[in-house]
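Data from query05.txt: compact mmCIF, C-alpha atoms
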```txt
# COMPACT_ATOMS: atom_id res chain seq x y z
CA MET M 1487 0.00 0.00 0.00
CA ASN M 1488 2.76 2.44 0.92
CA GLY M 1489 4.37 1.88 -2.44
CA GLN M 1490 1.15 2.79 -4.24
CA LEU M 1491 0.77 5.93 -2.16
CA LEU M 1492 4.34 6.99 -2.86
CA GLN M 1493 3.87 6.38 -6.58
CA ALA M 1494 0.69 8.47 -6.51
CA TYR M 1495 2.68 11.19 -4.77
CA GLU M 1496 5.36 11.10 -7.47
CA ASP M 1497 2.73 11.26 -10.21
CA GLY M 1498 1.00 14.24 -8.58
CA CYS M 1499 4.06 16.31 -7.60
CA GLU M 1500 3.61 18.84 -10.36
CA THR M 1501 -0.03 19.37 -9.37
CA PHE M 1502 0.92 19.72 -5.69
CA GLU M 1503 3.53 22.34 -6.56
CA GLY M 1504 0.95 24.25 -8.60
CA LEU M 1505 -1.50 24.14 -5.69
CA ARG M 1506 1.21 25.36 -3.31
CA ASP M 1507 1.99 28.40 -5.46
CA ALA M 1508 -1.68 29.19 -6.05
CA ALA M 1509 -2.54 28.77 -2.37
CA VAL M 1510 0.28 31.05 -1.21
CA ALA M 1511 -0.75 33.72 -3.72
CA HIS M 1512 -4.40 33.38 -2.75
CA VAL M 1513 -3.82 33.56 1.02
CA THR M 1514 -1.50 36.53 0.53
CA ARG M 1515 -4.18 38.37 -1.49
CA LEU M 1516 -6.85 37.47 1.06
CA ILE M 1517 -4.80 38.93 3.91
CA ALA M 1518 -3.78 42.03 1.95
CA GLY M 1519 -7.42 42.62 0.97
CA ALA M 1520 -8.35 42.66 4.64
CA GLY M 1521 -5.72 45.35 5.28
CA LEU M 1522 -3.81 43.10 7.66
CA ASN M 1523 -0.06 43.59 8.09
CA ILE M 1524 1.69 40.28 8.78
CA HIS M 1525 5.25 38.97 8.81
CA HIS M 1526 5.13 36.54 5.89
CA VAL M 1527 3.32 33.75 4.02
CA THR M 1528 5.22 30.71 2.76
CA GLY M 1529 4.31 27.35 1.28
CA ARG M 1530 5.79 23.92 0.83
CA VAL M 1531 5.08 20.51 -0.68
CA LYS M 1532 5.88 17.60 1.63
CA LYS M 1533 9.10 15.90 0.59
CA ARG M 1534 9.02 12.24 -0.43
CA ALA M 1535 11.26 11.22 2.48
CA SER M 1536 8.96 12.99 4.93
CA LEU M 1537 5.89 11.31 3.47
CA GLU M 1538 7.61 7.92 3.52
CA ASP M 1539 8.49 8.40 7.19
CA LYS M 1540 4.91 9.42 8.01
CA LEU M 1541 3.46 6.34 6.29
CA ARG M 1542 5.94 4.11 8.12
CA ARG M 1543 5.14 5.62 11.53
CA LYS M 1544 1.38 5.31 11.05
CA PRO M 1545 0.81 2.04 9.18
CA GLY M 1546 -2.70 1.46 7.87
CA ARG M 1547 -3.92 4.98 8.69
CA TYR M 1548 -3.92 6.27 5.13
CA GLY M 1549 -6.07 4.39 2.61
CA SER M 1550 -5.36 6.86 -0.18
CA LEU M 1551 -3.15 9.85 -0.80
CA ALA M 1552 -6.16 12.14 -0.26
CA ASP M 1553 -6.11 11.10 3.41
CA VAL M 1554 -2.74 12.84 3.83
CA THR M 1555 -4.06 16.36 4.34
CA ASP M 1556 -0.71 18.15 4.69
CA LEU M 1557 0.90 17.24 1.38
CA VAL M 1558 0.60 20.94 0.55
CA ALA M 1559 0.92 23.42 3.40
CA VAL M 1560 0.83 27.20 3.70
CA ARG M 1561 2.30 28.90 6.75
CA VAL M 1562 1.10 32.33 7.85
CA ILE M 1563 3.23 34.13 10.43
CA THR M 1564 1.55 37.15 12.03
CA TYR M 1565 3.16 39.82 14.16
CA PHE M 1566 0.54 39.59 16.88
CA GLU M 1567 -1.35 36.70 18.46
CA SER M 1568 -4.66 38.55 18.00
CA ASP M 1569 -4.13 38.47 14.22
CA VAL M 1570 -4.07 34.66 14.26
CA SER M 1571 -7.82 34.68 14.89
CA VAL M 1572 -8.32 37.35 12.20
CA VAL M 1573 -6.62 35.17 9.58
CA SER M 1574 -8.59 32.17 10.86
CA ARG M 1575 -11.88 33.99 10.31
CA LEU M 1576 -10.82 34.99 6.80
CA LEU M 1577 -10.22 31.36 5.89
CA GLU M 1578 -13.53 30.28 7.43
CA GLU M 1579 -15.40 32.98 5.53
CA HIS M 1580 -13.89 32.18 2.14
CA HIS M 1581 -13.35 28.42 2.23
CA GLU M 1582 -14.81 25.09 3.14
CA ILE M 1583 -12.83 23.86 6.15
CA ASP M 1584 -12.23 20.17 6.84
CA TRP M 1585 -13.00 20.48 10.56
CA GLU M 1586 -12.28 16.84 11.30
CA ASN M 1587 -8.63 17.36 10.39
CA SER M 1588 -8.32 20.98 11.56
CA ILE M 1589 -7.18 21.92 15.02
CA ASP M 1590 -6.65 24.96 17.23
CA LYS M 1591 -3.73 23.75 19.29
CA SER M 1592 -3.82 26.81 21.54
CA LYS M 1593 -7.06 25.43 23.07
CA MET M 1594 -5.69 21.99 23.83
CA HIS M 1595 -3.19 22.74 26.56
CA ASP M 1596 -3.56 22.00 30.22
CA PRO M 1597 -3.51 24.99 32.57
CA ASP M 1598 0.25 24.73 32.96
CA ARG M 1599 0.45 25.49 29.21
CA PHE M 1600 3.12 23.16 27.95
CA GLY M 1601 3.76 24.07 24.35
CA TYR M 1602 2.92 27.19 22.41
CA MET M 1603 1.26 26.44 19.10
CA GLY M 1604 -1.07 28.18 16.68
CA VAL M 1605 -3.95 27.11 14.46
CA HIS M 1606 -3.90 24.41 11.78
CA TYR M 1607 -6.72 24.44 9.24
CA VAL M 1608 -7.25 21.99 6.41
CA VAL M 1609 -8.88 23.76 3.47
CA GLN M 1610 -11.02 21.76 1.08
CA VAL M 1611 -10.67 23.16 -2.43
CA THR M 1612 -14.01 23.25 -4.28
CA PRO M 1613 -15.03 24.47 -7.75
CA ASP M 1614 -16.14 27.68 -5.99
CA SER M 1615 -12.86 28.29 -4.17
CA PRO M 1616 -11.56 31.73 -5.20
CA ASP M 1617 -8.34 31.57 -7.24
CA LEU M 1618 -8.10 27.79 -6.67
CA SER M 1619 -10.96 26.21 -8.62
CA GLY M 1620 -8.50 24.46 -10.94
CA PHE M 1621 -7.44 22.31 -7.99
CA ALA M 1622 -10.95 21.29 -6.88
CA GLY M 1623 -10.99 18.06 -4.89
CA LEU M 1624 -7.58 18.63 -3.30
CA LYS M 1625 -6.81 19.87 0.19
CA PHE M 1626 -4.08 21.97 1.72
CA GLU M 1627 -3.13 22.79 5.27
CA VAL M 1628 -2.79 26.33 6.58
CA GLN M 1629 -0.70 26.87 9.72
CA ILE M 1630 -1.29 30.22 11.42
CA ARG M 1631 1.03 31.39 14.19
CA SER M 1632 2.24 34.62 15.70
CA ILE M 1633 5.94 35.25 15.27
CA LEU M 1634 6.60 34.29 18.91
CA GLN M 1635 4.52 31.14 18.62
CA HIS M 1636 6.57 30.31 15.55
CA ALA M 1637 9.83 30.87 17.45
CA TRP M 1638 8.65 28.52 20.22
CA ALA M 1639 7.54 25.82 17.78
CA GLU M 1640 10.80 25.93 15.83
CA ILE M 1641 13.01 25.75 18.91
CA GLU M 1642 10.85 23.05 20.48
CA HIS M 1643 11.08 21.03 17.27
CA ASP M 1644 14.86 21.47 17.17
CA LEU M 1645 15.15 20.19 20.75
CA GLY M 1646 13.15 17.13 19.74
CA TYR M 1647 10.46 17.34 22.44
CA LYS M 1648 7.10 16.35 20.99
CA ASN M 1649 5.12 16.13 24.23
CA ARG M 1650 5.36 16.60 27.98
CA GLU M 1651 6.38 13.02 28.71
CA ALA M 1652 9.41 13.37 26.45
CA ILE M 1653 10.93 16.17 28.54
CA PRO M 1654 13.35 15.32 31.33
CA ARG M 1655 11.86 16.40 34.64
CA GLU M 1656 14.95 18.49 35.33
CA VAL M 1657 14.08 20.85 32.47
CA GLN M 1658 10.26 20.76 32.54
CA ARG M 1659 9.97 23.75 34.86
CA ARG M 1660 12.11 25.89 32.55
CA PHE M 1661 9.90 24.90 29.61
CA TYR M 1662 6.81 26.02 31.50
CA ARG M 1663 8.47 29.29 32.51
CA LEU M 1664 9.54 29.99 28.94
CA ALA M 1665 6.07 29.22 27.55
CA GLY M 1666 4.58 31.64 30.06
CA LEU M 1667 7.12 34.33 29.22
CA LEU M 1668 6.42 34.02 25.50
CA GLU M 1669 2.69 34.19 26.10
CA MET M 1670 3.15 37.33 28.22
CA ALA M 1671 5.42 38.84 25.54
CA ASP M 1672 2.76 38.20 22.88
CA GLU M 1673 0.17 39.94 25.04
CA GLU M 1674 2.49 42.89 25.72
CA PHE M 1675 3.23 43.31 22.02
CA MET M 1676 -0.51 43.38 21.32
CA THR M 1677 -0.94 46.02 24.04
CA LEU M 1678 1.87 48.11 22.56
CA HIS M 1679 0.29 47.84 19.13
CA ARG M 1680 -3.11 48.91 20.45
CA LEU M 1681 -1.65 51.84 22.43
CA SER M 1682 0.34 52.98 19.38
CA GLN M 1683 -2.81 52.97 17.26
CA GLN M 1684 -4.74 54.88 19.92
CA TYR M 1685 -1.93 57.43 20.21
CA ALA M 1686 -1.85 58.03 16.46
CA ALA M 1687 -5.64 58.37 16.34
CA THR M 1688 -5.67 61.09 19.02
CA LEU M 1689 -2.75 63.11 17.60
CA PRO M 1690 -4.77 65.51 15.40
CA THR M 1691 -6.90 66.63 18.36
CA ARG M 1692 -3.96 66.84 20.76
CA VAL M 1693 -1.86 68.84 18.30
CA GLU M 1694 -4.76 71.21 17.75
CA ASP M 1695 -5.60 71.66 21.43
CA ALA M 1696 -2.24 71.50 23.23
CA PRO M 1697 0.75 71.34 20.84
CA ASP M 1698 3.26 72.16 23.58
CA ALA M 1699 2.26 68.95 25.37
CA VAL M 1700 2.81 66.71 22.31
CA PHE M 1701 6.26 65.15 22.11
CA ILE M 1702 8.16 65.05 18.83
CA ASP M 1703 8.33 61.39 17.76
CA ALA M 1704 7.77 59.36 14.60
CA PRO M 1705 3.93 59.31 14.78
CA SER M 1706 3.62 63.02 15.59
CA MET M 1707 6.13 63.86 12.85
CA LYS M 1708 4.18 61.77 10.35
CA HIS M 1709 1.07 63.77 11.23
CA LEU M 1710 2.88 67.11 11.03
CA LEU M 1711 4.14 66.43 7.51
CA GLY M 1712 0.57 66.75 6.28
CA VAL M 1713 -0.54 69.90 8.12
CA ALA M 1714 0.50 73.51 8.70
CA PRO M 1715 3.00 74.93 9.31
CA VAL M 1716 5.27 72.13 8.01
CA ARG M 1717 3.23 71.40 4.87
CA ASP M 1718 2.84 75.13 4.05
CA LEU M 1719 6.53 75.83 4.49
CA ASP M 1720 7.41 72.76 2.43
CA GLN M 1721 5.23 74.17 -0.34
CA GLN M 1722 7.06 77.50 -0.13
CA VAL M 1723 10.43 75.76 -0.47
CA ALA M 1724 9.17 73.75 -3.46
CA GLY M 1725 7.80 76.93 -5.02
CA ALA M 1726 11.09 78.77 -4.55
CA LEU M 1727 12.82 75.94 -6.43
CA ASN M 1728 10.03 75.72 -9.01
CA VAL M 1729 9.54 71.99 -8.34
CA LEU M 1730 6.72 69.82 -7.03
CA LEU M 1731 6.35 68.85 -3.39
CA LEU M 1732 6.35 65.05 -3.39
CA THR M 1733 3.45 64.57 -0.98
CA ASP M 1734 3.27 60.81 -1.64
CA TRP M 1735 6.99 60.17 -1.40
CA PRO M 1736 7.39 56.51 -0.23
CA ASP M 1737 9.79 56.79 2.71
CA PRO M 1738 8.27 55.31 5.90
CA GLU M 1739 11.48 55.98 7.85
CA ARG M 1740 11.52 59.72 7.12
CA PRO M 1741 9.30 60.77 10.09
CA GLN M 1742 11.59 58.86 12.44
CA ARG M 1743 14.71 60.49 10.97
CA LEU M 1744 13.16 63.94 11.18
CA ALA M 1745 12.17 63.34 14.80
CA SER M 1746 15.76 62.35 15.69
CA LEU M 1747 17.00 65.39 13.83
CA LEU M 1748 14.76 67.78 15.78
CA HIS M 1749 15.81 66.28 19.10
CA TYR M 1750 19.43 66.75 18.10
CA VAL M 1751 18.94 70.48 17.55
CA GLY M 1752 16.96 70.86 20.77
CA VAL M 1753 13.34 70.90 19.57
CA HIS M 1754 11.31 68.39 21.59
CA SER M 1755 7.65 69.42 21.33
CA VAL M 1756 5.23 70.05 18.49
CA GLY M 1757 4.46 73.49 19.88
CA ALA M 1758 8.14 74.45 19.90
CA LEU M 1759 8.55 73.28 16.29
CA GLN M 1760 5.53 75.26 15.15
CA LYS M 1761 6.84 78.44 16.79
CA GLU M 1762 10.36 77.95 15.42
CA LEU M 1763 9.19 77.40 11.86
CA GLN M 1764 6.94 80.45 11.99
CA ARG M 1765 9.74 82.56 13.48
CA HIS M 1766 12.33 81.47 10.90
CA GLU M 1767 10.03 81.03 7.90
CA ASP M 1768 11.83 83.51 5.60
CA GLU M 1769 15.28 82.22 6.56
CA VAL M 1770 14.30 78.60 5.93
CA VAL M 1771 12.97 79.34 2.44
CA ARG M 1772 15.96 81.53 1.58
CA PHE M 1773 18.43 78.95 2.90
CA ALA M 1774 16.78 76.11 0.98
CA SER M 1775 16.67 78.14 -2.24
CA LEU M 1776 20.43 78.74 -1.91
CA LEU M 1777 21.47 75.29 -0.74
CA LEU M 1778 19.47 72.89 -2.88
CA PRO M 1779 20.74 74.19 -6.25
CA ARG M 1780 24.24 73.40 -4.94
CA LEU M 1781 23.18 69.80 -4.22
CA ARG M 1782 21.18 68.86 -7.30
CA GLU M 1783 22.86 65.45 -7.51
CA ALA M 1784 21.46 64.59 -4.09
CA TRP M 1785 17.79 65.49 -4.60
CA THR M 1786 16.81 65.98 -8.25
CA PRO M 1787 16.60 62.21 -8.96
CA ALA M 1788 13.53 62.24 -6.70
CA GLY M 1789 11.90 64.75 -9.06
CA GLY M 1790 10.96 67.33 -6.45
CA ALA M 1791 11.10 68.39 -2.82
CA ARG M 1792 10.43 65.72 -0.22
CA PRO M 1793 7.97 66.20 2.66
CA GLY M 1794 9.73 67.72 5.66
CA THR M 1795 12.27 69.63 3.58
CA SER M 1796 11.52 72.75 5.65
CA VAL M 1797 12.30 70.83 8.85
CA VAL M 1798 15.61 69.65 7.39
CA HIS M 1799 16.66 73.18 6.44
CA TYR M 1800 15.57 74.60 9.76
CA ALA M 1801 17.73 72.02 11.54
CA LEU M 1802 20.69 72.77 9.30
CA LEU M 1803 20.32 76.47 10.10
CA ARG M 1804 20.35 75.64 13.81
CA ALA M 1805 23.41 73.43 13.41
CA CYS M 1806 25.33 76.14 11.54
CA ALA M 1807 24.40 78.78 14.11
CA ASN M 1808 25.36 76.66 17.13
CA PRO M 1809 29.05 75.69 17.40
CA LEU M 1810 28.07 72.80 19.68
CA LEU M 1811 26.10 71.16 16.84
CA ASP M 1812 27.69 69.36 13.90
CA PRO M 1813 26.13 69.45 10.39
CA HIS M 1814 27.86 66.13 9.76
CA GLU M 1815 25.51 64.58 12.33
CA ILE M 1816 22.48 65.84 10.41
CA VAL M 1817 23.86 64.47 7.14
CA SER M 1818 24.30 61.11 8.87
CA MET M 1819 20.81 61.15 10.44
CA LEU M 1820 19.17 61.92 7.11
CA ASP M 1821 21.23 59.33 5.23
CA LEU M 1822 22.15 61.92 2.59
CA ARG M 1823 25.55 60.48 1.78
CA GLY M 1824 26.16 58.43 -1.33
CA VAL M 1825 25.86 60.78 -4.27
CA LEU M 1826 28.12 63.31 -2.53
CA SER M 1827 30.53 62.83 0.36
CA GLY M 1828 29.67 64.09 3.81
CA ASP M 1829 32.36 66.76 3.57
CA GLN M 1830 30.97 68.01 0.25
CA LEU M 1831 27.47 68.23 1.68
CA VAL M 1832 28.60 70.08 4.80
CA ALA M 1833 30.74 72.50 2.75
CA ALA M 1834 27.71 73.35 0.61
CA VAL M 1835 25.60 73.82 3.75
CA ARG M 1836 28.12 76.21 5.28
CA GLU M 1837 28.43 78.23 2.05
CA ALA M 1838 24.66 78.65 1.80
CA TYR M 1839 24.44 79.58 5.48
CA ALA M 1840 27.16 82.23 5.09
CA GLN M 1841 25.25 83.76 2.18
CA VAL M 1842 21.99 83.81 4.17
CA MET M 1843 23.77 85.58 7.02
CA ALA M 1844 25.41 88.04 4.61
CA ASP M 1845 22.06 88.79 2.96
CA GLY M 1846 20.53 89.36 6.39
CA SER M 1847 23.29 91.75 7.40
CA ALA M 1848 22.95 93.64 4.13
CA ARG M 1849 19.21 94.12 4.70
CA VAL M 1850 19.78 95.34 8.23
CA GLY M 1851 22.49 97.77 7.01
```

As structure tokens, the full file:
Amino acid sequence: MNGQLLQAYEDGCETFEGLRDAAVAHVTRLIAGAGLNIHHVTGRVKKRASLEDKLRRKPGRYGSLADVTDLVAVRVITYFESDVSVVSRLLEEHHEIDWENSIDKSKMHDPDRFGYMGVHYVVQVTPDSPDLSGFAGLKFEVQIRSILQHAWAEIEHDLGYKNREAIPREVQRRFYRLAGLLEMADEEFMTLHRLSQQYAATLPTRVEDAPDAVFIDAPSMKHLLGVAPVRDLDQQVAGALNVLLLTDWPDPERPQRLASLLHYVGVHSVGALQKELQRHEDEVVRFASLLLPRLREAWTPAGGARPGTSVVHYALLRACANPLLDPHEIVSMLDLRGVLSGDQLVAAVREAYAQVMADGSARVG
């Protein structure tokens, strides 16, 4: 019997590989369509040696190859434990689940919680299965774990402990402690995620009502890039250069870099930044209009001025005016090196600053 099953496996390998690729693409689209951010989705076809070992360990259990429900498997690794249930619901809503062979291992543990596993679903492909109808009649397994559950499962597998009885008593207590720590870490990460979302959601109101009480950080900086006075001053800089302001510039790390930059020059609250930009508005625009033409190699490939350009030029003005601050540090924080050397960039900054100061003195005189 095993020989027949292995031959059927060999004959169907190409189909299994096609199902794997289609299932990974489908699950990825399903998750993306729900707006869920996860770590990754992968797939695999069970290797012949692994199938042979499984048939040998469980003689008589499999009457046909269709009884082996994990020949094709998709693994979904989420960032947070709460997202495991979200992905589970997506699969339940869009597919016929083989409940007899599916299992939520997180609900099977004793109170002392040995082990730390996720959810295993077996999906039955039907003619109505989205993106998969060409594989109707086949099944594939979907394993859903948080990234910490995945870490536990991989390490546990590497140690070779399949169940509680397999663990030497001398190390059992440490296993229980570690499982508890990982569970607590998962919960804390979910709490951090929720608090971060709540913080971002309340920023517009807090910035409007009490800007001096709002700390400069990546979320607040991301918000400020889209509102006055930063957005208005950015537009003025772009206008002075006769270029577009790239409002949709794809740089998720830019708010974080700008926040670090502002802390370096001594600006720590949203209120302080607003006042500083309003106070130095003319200088910032003049400085940018003098500096950026000197550094065309560094910014023209982007096709315009990036969001936060006014903040960058304000910080450079502060660095030039304060002997305790180093423009090289700003160049490093903004990751501007590459096209030009750090020394070339700083030299251009100092030349533009000297001209701004000279122009200011001339107007006063």

Residues near segment 1795-1804 of chain M, cut-off 9 Å, all atoms listed in the file, skip fewer than 6 positions along chain, as a ChimeraX atom specification: /M:1716-1717,1719-1724,1744,1747-1748,1750-1751,1759,1762-1763,1766-1767,1769-1771,1773-1774,1777,1811,1813,1816,1820,1835,1839

Point-to-point distance in Å for atom CA of Leu1492 of chain M and atom CA of Ser1619 of chain M: 25.2 Å

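Remark: for Ile1583 of chain M, the closest of the candidate residues M:Leu1557, M:Ser1568, M:Gln1610, M:Ala1552 is M:Gln1610 (distances computed over all atoms listed in the file).
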
12 Å contact set for Ser1536 of chain M, all atoms listed in the file, chain neighbours under 3 positions out, as a PyMOL selection string: chain M and resi 1492+1495+1531-1533+1539-1543+1554+1556-1557

Counting only C-alpha atoms, the residue of M:Gly1529, M:Gly1498, M:Pro1613, M:Pro1741 that sits nearest Val1560 of chain M: M:Gly1529

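Each of M:Val1842, M:Gln1764, M:Asn1808, M:Met1819 was checked against Ala1745 of chain M using only C-alpha atoms; the smallest atom-to-atom distance is that of M:Met1819.
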
Counting all atoms listed in the file, the residue of M:Ala1665, M:Met1707, M:Ala1686, M:Leu1778 that sits nearest Pro1738 of chain M: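 Ranking M:Ala1665, M:Met1707, M:Ala1686, M:Leu1778 by distance to Pro1738 of chain M, first place goes to M:Met1707.
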
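Proximity of M:Val1611, M:Pro1705, M:Leu1577, M:Ala1696 to Gln1684 of chain M, computed with only C-alpha atoms, is greatest for M:Pro1705.
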
Pairwise distance for atom CA of Leu1831 of chain M and atom CA of His1814 of chain M, rounded to one decimal in Å: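 That distance, rounded to one decimal, is 8.4 Å.
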
Distance of atom CA of Gln1760 of chain M from atom CA of Pro1715 of chain M, expressed in Å to one decimal place: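 If I compute the distance from atom CA of Pro1715 of chain M to atom CA of Gln1760 of chain M, I get 6.4 Å.
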
Exercise: Asp1672 of chain M partners within 8 Å, only C-alpha atoms, chain neighbours under 2 positions left out, as JSON, numbers by chain: {"M": [1566, 1567, 1634, 1668, 1669, 1670, 1674, 1675, 1676]}

Residue among M:Pro1654, M:Gly1794, M:Gly1519, M:Gly1828 lying closest to Gln1742 of chain M, counting all atoms listed in the file: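 Going through M:Pro1654, M:Gly1794, M:Gly1519, M:Gly1828 one by one, the smallest distance to Gln1742 of chain M is for M:Gly1794.
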
Radius query 6 Å about (-18.1, 26.1, -2.3), atoms used: only C-alpha atoms, as a PyMOL selection string: chain M and resi 1612+1614-1615

Contacts of Val1562 of chain M at 8 Å (only C-alpha atoms; same-chain gap of 2+ positions) as a VMD selection string: chain M and resid 1525 to 1528 1560 1564 1628 to 1631

Exercise: residues within 7 Å of coordinate (-6.8, 18.6, 0.5), counting all atoms listed in the file, as a list in words: Ala1552, Thr1555, Val1608, Val1609, Gln1610, Val1611, Gly1623, Leu1624, Lys1625 and Phe1626 of chain M

Missing atoms of segment 1768-1781 of chain M rebuilt to N, CA, C and O atoms, written as a PDB file, keeping the file's coordinate frame:
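The resulting file, rebuild_12.pdb, is reproduced below:
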```
ATOM      1  N   ASP M1768      11.115  82.892   6.726  1.00  0.00           N
ATOM      2  CA  ASP M1768      11.830  83.510   5.600  1.00  0.00           C
ATOM      3  C   ASP M1768      13.241  82.944   5.461  1.00  0.00           C
ATOM      4  O   ASP M1768      13.723  82.698   4.349  1.00  0.00           O
ATOM      5  N   GLU M1769      13.917  82.747   6.604  1.00  0.00           N
ATOM      6  CA  GLU M1769      15.280  82.220   6.560  1.00  0.00           C
ATOM      7  C   GLU M1769      15.317  80.810   6.003  1.00  0.00           C
ATOM      8  O   GLU M1769      16.214  80.451   5.235  1.00  0.00           O
ATOM      9  N   VAL M1770      14.342  79.987   6.403  1.00  0.00           N
ATOM     10  CA  VAL M1770      14.300  78.600   5.930  1.00  0.00           C
ATOM     11  C   VAL M1770      14.135  78.552   4.411  1.00  0.00           C
ATOM     12  O   VAL M1770      14.846  77.822   3.712  1.00  0.00           O
ATOM     13  N   VAL M1771      13.213  79.342   3.886  1.00  0.00           N
ATOM     14  CA  VAL M1771      12.970  79.340   2.440  1.00  0.00           C
ATOM     15  C   VAL M1771      14.198  79.885   1.706  1.00  0.00           C
ATOM     16  O   VAL M1771      14.627  79.315   0.682  1.00  0.00           O
ATOM     17  N   ARG M1772      14.773  80.962   2.222  1.00  0.00           N
ATOM     18  CA  ARG M1772      15.960  81.530   1.580  1.00  0.00           C
ATOM     19  C   ARG M1772      17.125  80.547   1.618  1.00  0.00           C
ATOM     20  O   ARG M1772      17.818  80.347   0.616  1.00  0.00           O
ATOM     21  N   PHE M1773      17.336  79.918   2.752  1.00  0.00           N
ATOM     22  CA  PHE M1773      18.430  78.950   2.900  1.00  0.00           C
ATOM     23  C   PHE M1773      18.253  77.781   1.947  1.00  0.00           C
ATOM     24  O   PHE M1773      19.190  77.360   1.260  1.00  0.00           O
ATOM     25  N   ALA M1774      17.043  77.243   1.872  1.00  0.00           N
ATOM     26  CA  ALA M1774      16.780  76.110   0.980  1.00  0.00           C
ATOM     27  C   ALA M1774      16.982  76.491  -0.473  1.00  0.00           C
ATOM     28  O   ALA M1774      17.529  75.714  -1.263  1.00  0.00           O
ATOM     29  N   SER M1775      16.543  77.702  -0.848  1.00  0.00           N
ATOM     30  CA  SER M1775      16.670  78.140  -2.240  1.00  0.00           C
ATOM     31  C   SER M1775      18.129  78.351  -2.638  1.00  0.00           C
ATOM     32  O   SER M1775      18.481  78.277  -3.816  1.00  0.00           O
ATOM     33  N   LEU M1776      19.002  78.591  -1.636  1.00  0.00           N
ATOM     34  CA  LEU M1776      20.430  78.740  -1.910  1.00  0.00           C
ATOM     35  C   LEU M1776      21.167  77.399  -1.864  1.00  0.00           C
ATOM     36  O   LEU M1776      22.098  77.167  -2.635  1.00  0.00           O
ATOM     37  N   LEU M1777      20.738  76.552  -0.945  1.00  0.00           N
ATOM     38  CA  LEU M1777      21.470  75.290  -0.740  1.00  0.00           C
ATOM     39  C   LEU M1777      21.126  74.236  -1.783  1.00  0.00           C
ATOM     40  O   LEU M1777      22.028  73.613  -2.364  1.00  0.00           O
ATOM     41  N   LEU M1778      19.856  74.016  -2.037  1.00  0.00           N
ATOM     42  CA  LEU M1778      19.470  72.890  -2.880  1.00  0.00           C
ATOM     43  C   LEU M1778      20.019  72.968  -4.306  1.00  0.00           C
ATOM     44  O   LEU M1778      20.388  71.928  -4.875  1.00  0.00           O
ATOM     45  N   PRO M1779      20.115  74.157  -4.914  1.00  0.00           N
ATOM     46  CA  PRO M1779      20.740  74.190  -6.250  1.00  0.00           C
ATOM     47  C   PRO M1779      22.200  73.748  -6.221  1.00  0.00           C
ATOM     48  O   PRO M1779      22.718  73.284  -7.242  1.00  0.00           O
ATOM     49  N   ARG M1780      22.857  73.858  -5.061  1.00  0.00           N
ATOM     50  CA  ARG M1780      24.240  73.400  -4.940  1.00  0.00           C
ATOM     51  C   ARG M1780      24.323  71.871  -4.798  1.00  0.00           C
ATOM     52  O   ARG M1780      25.407  71.299  -4.931  1.00  0.00           O
ATOM     53  N   LEU M1781      23.181  71.248  -4.502  1.00  0.00           N
ATOM     54  CA  LEU M1781      23.180  69.800  -4.220  1.00  0.00           C
ATOM     55  C   LEU M1781      22.225  69.046  -5.139  1.00  0.00           C
ATOM     56  O   LEU M1781      21.574  68.104  -4.728  1.00  0.00           O
TER      57      LEU M1781
END
```
